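Enquirer: Here it is, the structure in full.
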Amino acid sequence: MPNILFAARPERWTLYEPQLREALAEAGLAHAVLTTEADPSEVDYIVYAPNGPVTDFTPYTRLKAVLNLWAGVEDVVGNDTLKAPLARMVDYGLTEGMVEWVTGHTLRHHLGMDAHIHGQDGVWRAGVVPPLARDRTVAILGLGALGSACATALAGLGFRVTGWSRTEKRIEGVRTEHGPDGLQEILKSAEIVTLLLPDTPATENTLNVDTLALMPRGAVILNPGRGALIDDDALLAALDSGRIGHATLDTFRIEPLPADHPFWAHPKVTVTPHIASETRVDSAARVIVDNIRRGEAGEPFLHLVDRTLGY
């Protein structure tokens, strides 16, 4: 039976231990050794969080795979001591949560709900009717597991959905573009843009002075992806000028977002505290155990990271 090291903070162990043991039993691996402490030379798999106790993988000489607890791998992918395969977390619970957050905030801005939620002042604002979804163009930047799921859900509601990725992708009901020229083409028509790109050197400041200037005046930005995808100063300037109508932001370069950051006080910014989606322990435990089962059976691991691309 494999030896599994759970390398994350103690509070995570409290949450994950019972779920992992249950999933291991269901997979026929009930006798696997699951622990928070082990001789590195005897560890087969590491269930890993970047803020956990393992930073040097060199002593783990028989390591078969590192199974990330998080969807993002930017904090581990560049670790030169890691030679074993690295799998990111693709959790259907996390995906469902992201779809719900993106859909909810897209509909909020599409329907102009803020005007009524904050407009309880006795003024009857008749005559301002939102367009139908089929008349609204929304864009998803990043068409991985999360982006593809969000694009499909929005298309199902009737929105004109466009999507952009680094390399060519095809999604039924979605017009897709790729590469630098494709990004420009997507942004020119996007009234609501959602960022779900990975955090890599190539994606930093995807929205900057130049790309923000391409968007229709008054466009809305949703960022449940990564804080570094947006140039903060450029976004604030675009909001002040009216180029961008609103930004709903869930991820930031520094978290928690400092209390004196201008986003908090800006009338055209909504801050949510990195809650767009969270890994669900029960479903994530089964994703992890399925990869362990695959490793023991000699089957290919799922959700492997391309170390050269960073995701």
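By convention in this document, the chains of the structure tokens carry letters A, B, ... by their order, each chain's residues are numbered from 1, and ligands are numbered from 1 in the order they are shown.
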Would you list the contacts of region 164-181 of chain A as a PyMOL selection string, taking every protein, DNA or RNA residue within 8 Å and counting only C-alpha atoms, but skipping same-chain residues closer than 2 positions in sequence?
Expert: chain A and resi 139-143+148+151-152+155+160-162+183-186
Enquirer: Write the residues of the selection above to a file with C-alpha atoms, as an mmCIF file, in the first residue's frame.
Expert:
data_model
loop_
_atom_site.group_PDB
_atom_site.id
_atom_site.type_symbol
_atom_site.label_atom_id
_atom_site.label_comp_id
_atom_site.auth_asym_id
_atom_site.auth_seq_id
_atom_site.Cartn_x
_atom_site.Cartn_y
_atom_site.Cartn_z
ATOM 1 C CA ALA A 139 -16.039 37.186 -23.019
ATOM 2 C CA ILE A 140 -14.117 34.608 -21.038
ATOM 3 C CA LEU A 141 -10.332 34.987 -21.045
ATOM 4 C CA GLY A 142 -8.898 31.564 -20.256
ATOM 5 C CA LEU A 143 -10.586 28.401 -21.490
ATOM 6 C CA SER A 148 -14.818 26.413 -20.420
ATOM 7 C CA ALA A 151 -18.465 29.885 -21.111
ATOM 8 C CA THR A 152 -20.794 26.923 -21.613
ATOM 9 C CA ALA A 155 -23.988 30.347 -23.641
ATOM 10 C CA ARG A 160 -23.229 35.815 -27.149
ATOM 11 C CA VAL A 161 -20.161 34.214 -25.609
ATOM 12 C CA THR A 162 -16.655 34.678 -26.918
ATOM 13 C CA LEU A 183 -7.191 38.745 -27.712
ATOM 14 C CA GLN A 184 -7.534 42.126 -29.380
ATOM 15 C CA GLU A 185 -10.448 40.873 -31.464
ATOM 16 C CA ILE A 186 -12.255 39.491 -28.420
#
Enquirer: List the neighbours of Gly225 (chain A) out to 10 Å using only C-alpha atoms; skip same-chain residues closer than 3 positions along the sequence, and give me the result as a list in words.
Expert: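 These residues fall inside the cut-off: Gly72, Met98, Leu141, Gly142, Leu146, Gly147, Thr194, Leu195, Leu196, Leu197, Pro198, Asp199, Leu222, Ala228, Leu229, Leu249, Asp250, Thr251, Phe252, His274, Ala276 and Ser277 of chain A.
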Enquirer: Enumerate, as a list in words, the complete set of residues in region 185-277 of chain A that a backbone-based DSSP assignment places in strand (DSSP E).
Expert: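 The strand (DSSP E) subset of region 185-277 of chain A is Ile192, Val193, Thr194, Leu195, Ala219, Val220, Ile221, Leu222, Asn223, Ile244, Gly245, His246, Ala247, Thr248, Leu249, Val269, Thr270 and Val271 of chain A.
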Enquirer: Could you name the residues that touch Ala25 (chain A) at 12 Å or less, counting only C-alpha atoms, but leaving out those on the same chain fewer than 3 positions away, as a list in words?
Expert: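 Contacts, in chain order: Met1, Pro18, Gln19, Leu20, Arg21, Glu22, Gly28, Leu29, Ala30, His31, Ala32, Val33, Leu34, Ala285, Arg286, Val289, Asp290 and Arg293 of chain A.
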Enquirer: Just all heavy atoms for this one: save the residues we selected as a CSV table (one decimal), in the first residue's frame.
Expert:
chain,number,residue,atom,x,y,z
A,1,MET,N,0.8,-1.2,0.0
A,1,MET,CA,0.0,0.0,0.0
A,1,MET,C,0.9,1.2,0.0
A,1,MET,O,1.9,1.3,0.6
A,1,MET,CB,-0.9,0.0,1.2
A,1,MET,CG,-2.1,-1.0,1.1
A,1,MET,SD,-3.3,-0.5,-0.1
A,1,MET,CE,-3.3,-2.0,-1.1
A,18,PRO,N,-10.7,12.7,7.4
A,18,PRO,CA,-11.8,11.7,7.3
A,18,PRO,C,-12.3,11.5,5.9
A,18,PRO,O,-12.6,10.4,5.5
A,18,PRO,CB,-12.9,12.3,8.2
A,18,PRO,CG,-12.5,13.8,8.4
A,18,PRO,CD,-11.0,13.8,8.3
A,19,GLN,N,-12.3,12.6,5.1
A,19,GLN,CA,-12.7,12.5,3.7
A,19,GLN,C,-11.8,11.7,2.9
A,19,GLN,O,-12.2,10.9,2.0
A,19,GLN,CB,-12.9,13.9,3.1
A,19,GLN,CG,-13.9,14.7,3.8
A,19,GLN,CD,-15.4,14.3,3.5
A,19,GLN,OE1,-15.6,13.5,2.7
A,19,GLN,NE2,-16.3,14.9,4.2
A,20,LEU,N,-10.5,11.9,3.1
A,20,LEU,CA,-9.5,11.1,2.4
A,20,LEU,C,-9.5,9.6,2.8
A,20,LEU,O,-9.4,8.7,1.9
A,20,LEU,CB,-8.1,11.6,2.6
A,20,LEU,CG,-7.7,12.9,1.9
A,20,LEU,CD1,-6.4,13.5,2.4
A,20,LEU,CD2,-7.6,12.7,0.4
A,21,ARG,N,-9.7,9.3,4.0
A,21,ARG,CA,-9.7,7.9,4.5
A,21,ARG,C,-11.0,7.2,3.9
A,21,ARG,O,-10.9,6.1,3.4
A,21,ARG,CB,-9.8,7.8,6.0
A,21,ARG,CG,-8.4,8.3,6.6
A,21,ARG,CD,-8.3,7.8,8.0
A,21,ARG,NE,-7.1,8.3,8.7
A,21,ARG,CZ,-5.9,7.9,8.5
A,21,ARG,NH1,-5.7,6.8,7.7
A,21,ARG,NH2,-4.8,8.4,9.1
A,22,GLU,N,-12.1,7.9,3.8
A,22,GLU,CA,-13.3,7.4,3.2
A,22,GLU,C,-13.1,7.1,1.8
A,22,GLU,O,-13.5,6.1,1.2
A,22,GLU,CB,-14.5,8.3,3.5
A,22,GLU,CG,-15.8,7.8,2.9
A,22,GLU,CD,-16.9,8.8,3.1
A,22,GLU,OE1,-16.8,9.6,4.1
A,22,GLU,OE2,-17.9,8.7,2.4
A,28,GLY,N,-10.5,1.0,-2.7
A,28,GLY,CA,-9.8,-0.2,-2.4
A,28,GLY,C,-8.4,0.0,-1.8
A,28,GLY,O,-7.5,-0.9,-1.9
A,29,LEU,N,-8.1,1.2,-1.3
A,29,LEU,CA,-6.8,1.5,-0.7
A,29,LEU,C,-6.9,1.8,0.8
A,29,LEU,O,-6.2,2.7,1.3
A,29,LEU,CB,-6.2,2.7,-1.5
A,29,LEU,CG,-6.0,2.5,-3.0
A,29,LEU,CD1,-5.7,3.9,-3.6
A,29,LEU,CD2,-4.8,1.6,-3.2
A,30,ALA,N,-7.8,1.1,1.4
A,30,ALA,CA,-8.1,1.4,2.8
A,30,ALA,C,-6.8,1.2,3.7
A,30,ALA,O,-6.7,1.9,4.8
A,30,ALA,CB,-9.2,0.4,3.4
A,31,HIS,N,-5.9,0.4,3.3
A,31,HIS,CA,-4.7,0.2,4.1
A,31,HIS,C,-3.5,1.1,3.7
A,31,HIS,O,-2.4,0.9,4.2
A,31,HIS,CB,-4.3,-1.3,4.0
A,31,HIS,CG,-5.3,-2.2,4.5
A,31,HIS,ND1,-5.7,-2.3,5.8
A,31,HIS,CD2,-6.1,-3.1,3.8
A,31,HIS,CE1,-6.6,-3.2,5.9
A,31,HIS,NE2,-6.9,-3.7,4.7
A,32,ALA,N,-3.8,2.1,2.9
A,32,ALA,CA,-2.7,3.1,2.6
A,32,ALA,C,-2.3,3.8,3.8
A,32,ALA,O,-3.2,4.0,4.7
A,32,ALA,CB,-3.2,4.0,1.5
A,33,VAL,N,-1.1,4.2,3.9
A,33,VAL,CA,-0.6,5.0,5.1
A,33,VAL,C,-0.8,6.4,4.8
A,33,VAL,O,-0.2,7.0,3.9
A,33,VAL,CB,0.9,4.7,5.4
A,33,VAL,CG1,1.4,5.5,6.5
A,33,VAL,CG2,1.1,3.2,5.7
A,34,LEU,N,-1.7,7.1,5.6
A,34,LEU,CA,-2.0,8.5,5.4
A,34,LEU,C,-1.5,9.2,6.6
A,34,LEU,O,-2.0,9.0,7.7
A,34,LEU,CB,-3.5,8.7,5.1
A,34,LEU,CG,-4.0,10.2,5.0
A,34,LEU,CD1,-3.4,10.9,3.8
A,34,LEU,CD2,-5.5,10.2,4.9
A,285,ALA,N,-11.2,15.4,-2.2
A,285,ALA,CA,-10.6,14.2,-1.6
A,285,ALA,C,-10.7,13.0,-2.7
A,285,ALA,O,-9.7,12.2,-2.8
A,285,ALA,CB,-11.2,13.8,-0.3
A,286,ARG,N,-11.8,13.0,-3.3
A,286,ARG,CA,-12.0,11.9,-4.3
A,286,ARG,C,-11.1,12.1,-5.6
A,286,ARG,O,-10.7,11.2,-6.2
A,286,ARG,CB,-13.5,11.8,-4.7
A,286,ARG,CG,-14.2,11.0,-3.6
A,286,ARG,CD,-15.7,11.3,-3.5
A,286,ARG,NE,-16.3,10.4,-2.5
A,286,ARG,CZ,-16.2,10.6,-1.2
A,286,ARG,NH1,-15.5,11.7,-0.7
A,286,ARG,NH2,-16.7,9.8,-0.3
A,289,VAL,N,-7.6,11.0,-4.5
A,289,VAL,CA,-7.5,9.5,-4.3
A,289,VAL,C,-7.6,8.8,-5.7
A,289,VAL,O,-6.9,7.8,-5.9
A,289,VAL,CB,-8.6,9.0,-3.4
A,289,VAL,CG1,-8.7,7.5,-3.4
A,289,VAL,CG2,-8.3,9.5,-1.9
A,290,ASP,N,-8.4,9.4,-6.6
A,290,ASP,CA,-8.4,8.8,-7.9
A,290,ASP,C,-7.1,8.8,-8.6
A,290,ASP,O,-6.7,7.9,-9.3
A,290,ASP,CB,-9.5,9.5,-8.8
A,290,ASP,CG,-9.7,8.8,-10.2
A,290,ASP,OD1,-9.6,7.6,-10.2
A,290,ASP,OD2,-9.8,9.6,-11.2
A,293,ARG,N,-5.0,6.1,-6.9
A,293,ARG,CA,-5.4,4.8,-7.5
A,293,ARG,C,-4.8,4.6,-8.9
A,293,ARG,O,-4.3,3.5,-9.2
A,293,ARG,CB,-6.9,4.7,-7.6
A,293,ARG,CG,-7.4,3.4,-8.1
A,293,ARG,CD,-8.8,3.5,-8.6
A,293,ARG,NE,-9.0,4.5,-9.7
A,293,ARG,CZ,-8.6,4.2,-11.0
A,293,ARG,NH1,-8.1,3.0,-11.3
A,293,ARG,NH2,-8.8,5.1,-11.9
Enquirer: Just to confirm, what's the straight-line distance from CA of Val123 (chain A) to CA of Pro216 (chain A) in Å (one decimal)?
Expert: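 Pair CA of Val123 (chain A) / CA of Pro216 (chain A) returns 29.0 Å.
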Enquirer: Pick the closest to Asp75 (chain A) from A:Gly93, A:Pro59, A:Gly127, A:Pro50: which is it, counting only C-alpha atoms?
Expert: A:Pro50
Enquirer: Considering only alpha helix (DSSP H) as DSSP defines it on the backbone, what residues of region 129-205 of chain A qualify? List them as JSON, numbers by chain.
Expert: {"A": [145, 146, 147, 148, 149, 150, 151, 152, 153, 154, 155, 156, 179, 180, 181, 182, 183, 184, 185, 186, 187, 188, 189]}
Enquirer: What lies within 12 Å of Leu212 (chain A) using only C-alpha atoms, ignoring chain neighbours under 4 positions off, as a PyMOL selection string?
Expert: chain A and resi 183-184+186-191+193+205-208+216-221+230-239+241-245+247
Enquirer: With a distance cut-off of 10 Å and only C-alpha atoms, select the neighbouring residues of Gly310 (chain A), excluding the residue or stretch itself and same-chain residues fewer than 3 positions from it, and output the selection as a short mmCIF file (atom, residue, chain, number, x, y, z; two decimals) with N, CA, C and O atoms, in the first residue's frame.
Expert:
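The resulting file, part06.cif, is shown below:
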data_model
loop_
_atom_site.label_atom_id
_atom_site.label_comp_id
_atom_site.auth_asym_id
_atom_site.auth_seq_id
_atom_site.Cartn_x
_atom_site.Cartn_y
_atom_site.Cartn_z
N GLY A 72 -4.57 26.59 -8.54
CA GLY A 72 -3.39 27.31 -9.00
C GLY A 72 -2.11 26.62 -8.56
O GLY A 72 -2.03 26.10 -7.44
N VAL A 73 -1.11 26.60 -9.43
CA VAL A 73 0.15 25.94 -9.11
C VAL A 73 1.34 26.90 -9.20
O VAL A 73 2.49 26.48 -9.17
N GLU A 74 1.06 28.20 -9.30
CA GLU A 74 2.15 29.15 -9.53
C GLU A 74 3.16 29.18 -8.39
O GLU A 74 4.32 29.55 -8.59
N ASP A 75 2.75 28.75 -7.18
CA ASP A 75 3.66 28.79 -6.04
C ASP A 75 4.55 27.55 -5.93
O ASP A 75 5.41 27.49 -5.06
N VAL A 76 4.34 26.56 -6.79
CA VAL A 76 5.14 25.34 -6.72
C VAL A 76 5.76 24.96 -8.05
O VAL A 76 6.79 24.28 -8.10
N VAL A 77 5.16 25.42 -9.15
CA VAL A 77 5.59 24.94 -10.47
C VAL A 77 7.05 25.28 -10.76
O VAL A 77 7.72 24.56 -11.51
N GLY A 78 7.57 26.35 -10.17
CA GLY A 78 8.95 26.75 -10.40
C GLY A 78 9.96 26.17 -9.43
O GLY A 78 11.14 26.53 -9.47
N PRO A 198 -4.45 31.43 -15.97
CA PRO A 198 -3.48 31.09 -14.92
C PRO A 198 -2.53 32.26 -14.68
O PRO A 198 -2.42 33.17 -15.51
N ASP A 199 -1.88 32.24 -13.55
CA ASP A 199 -0.90 33.28 -13.21
C ASP A 199 0.48 32.83 -13.68
O ASP A 199 1.12 32.01 -13.03
N THR A 200 0.91 33.36 -14.81
CA THR A 200 2.23 33.06 -15.36
C THR A 200 2.86 34.37 -15.83
O THR A 200 2.17 35.37 -15.97
N PRO A 201 4.17 34.38 -16.09
CA PRO A 201 4.78 35.60 -16.64
C PRO A 201 4.10 36.07 -17.92
O PRO A 201 4.00 37.28 -18.17
N ALA A 202 3.59 35.14 -18.71
CA ALA A 202 2.96 35.51 -19.98
C ALA A 202 1.59 36.14 -19.80
O ALA A 202 1.12 36.87 -20.68
N VAL A 305 0.38 19.05 -14.73
CA VAL A 305 0.83 20.39 -15.07
C VAL A 305 1.95 20.30 -16.09
O VAL A 305 2.87 19.47 -15.96
N ASP A 306 1.89 21.14 -17.11
CA ASP A 306 2.99 21.29 -18.06
C ASP A 306 3.97 22.28 -17.44
O ASP A 306 3.70 23.48 -17.37
N ARG A 307 5.09 21.76 -16.96
CA ARG A 307 6.02 22.62 -16.22
C ARG A 307 6.59 23.73 -17.08
O ARG A 307 6.99 24.78 -16.57
#
Enquirer: Mind pulling up the distance from CA of Glu26 (chain A) to CA of Leu302 (chain A)?
Expert: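 Between CA of Leu302 (chain A) and CA of Glu26 (chain A) the gap is 18.5 Å.
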Enquirer: Work out how far apart CA of Gly182 (chain A) and CA of Met215 (chain A) are and give it in Å to one decimal.
Expert: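 Computing it gives 13.5 Å between the two atoms.
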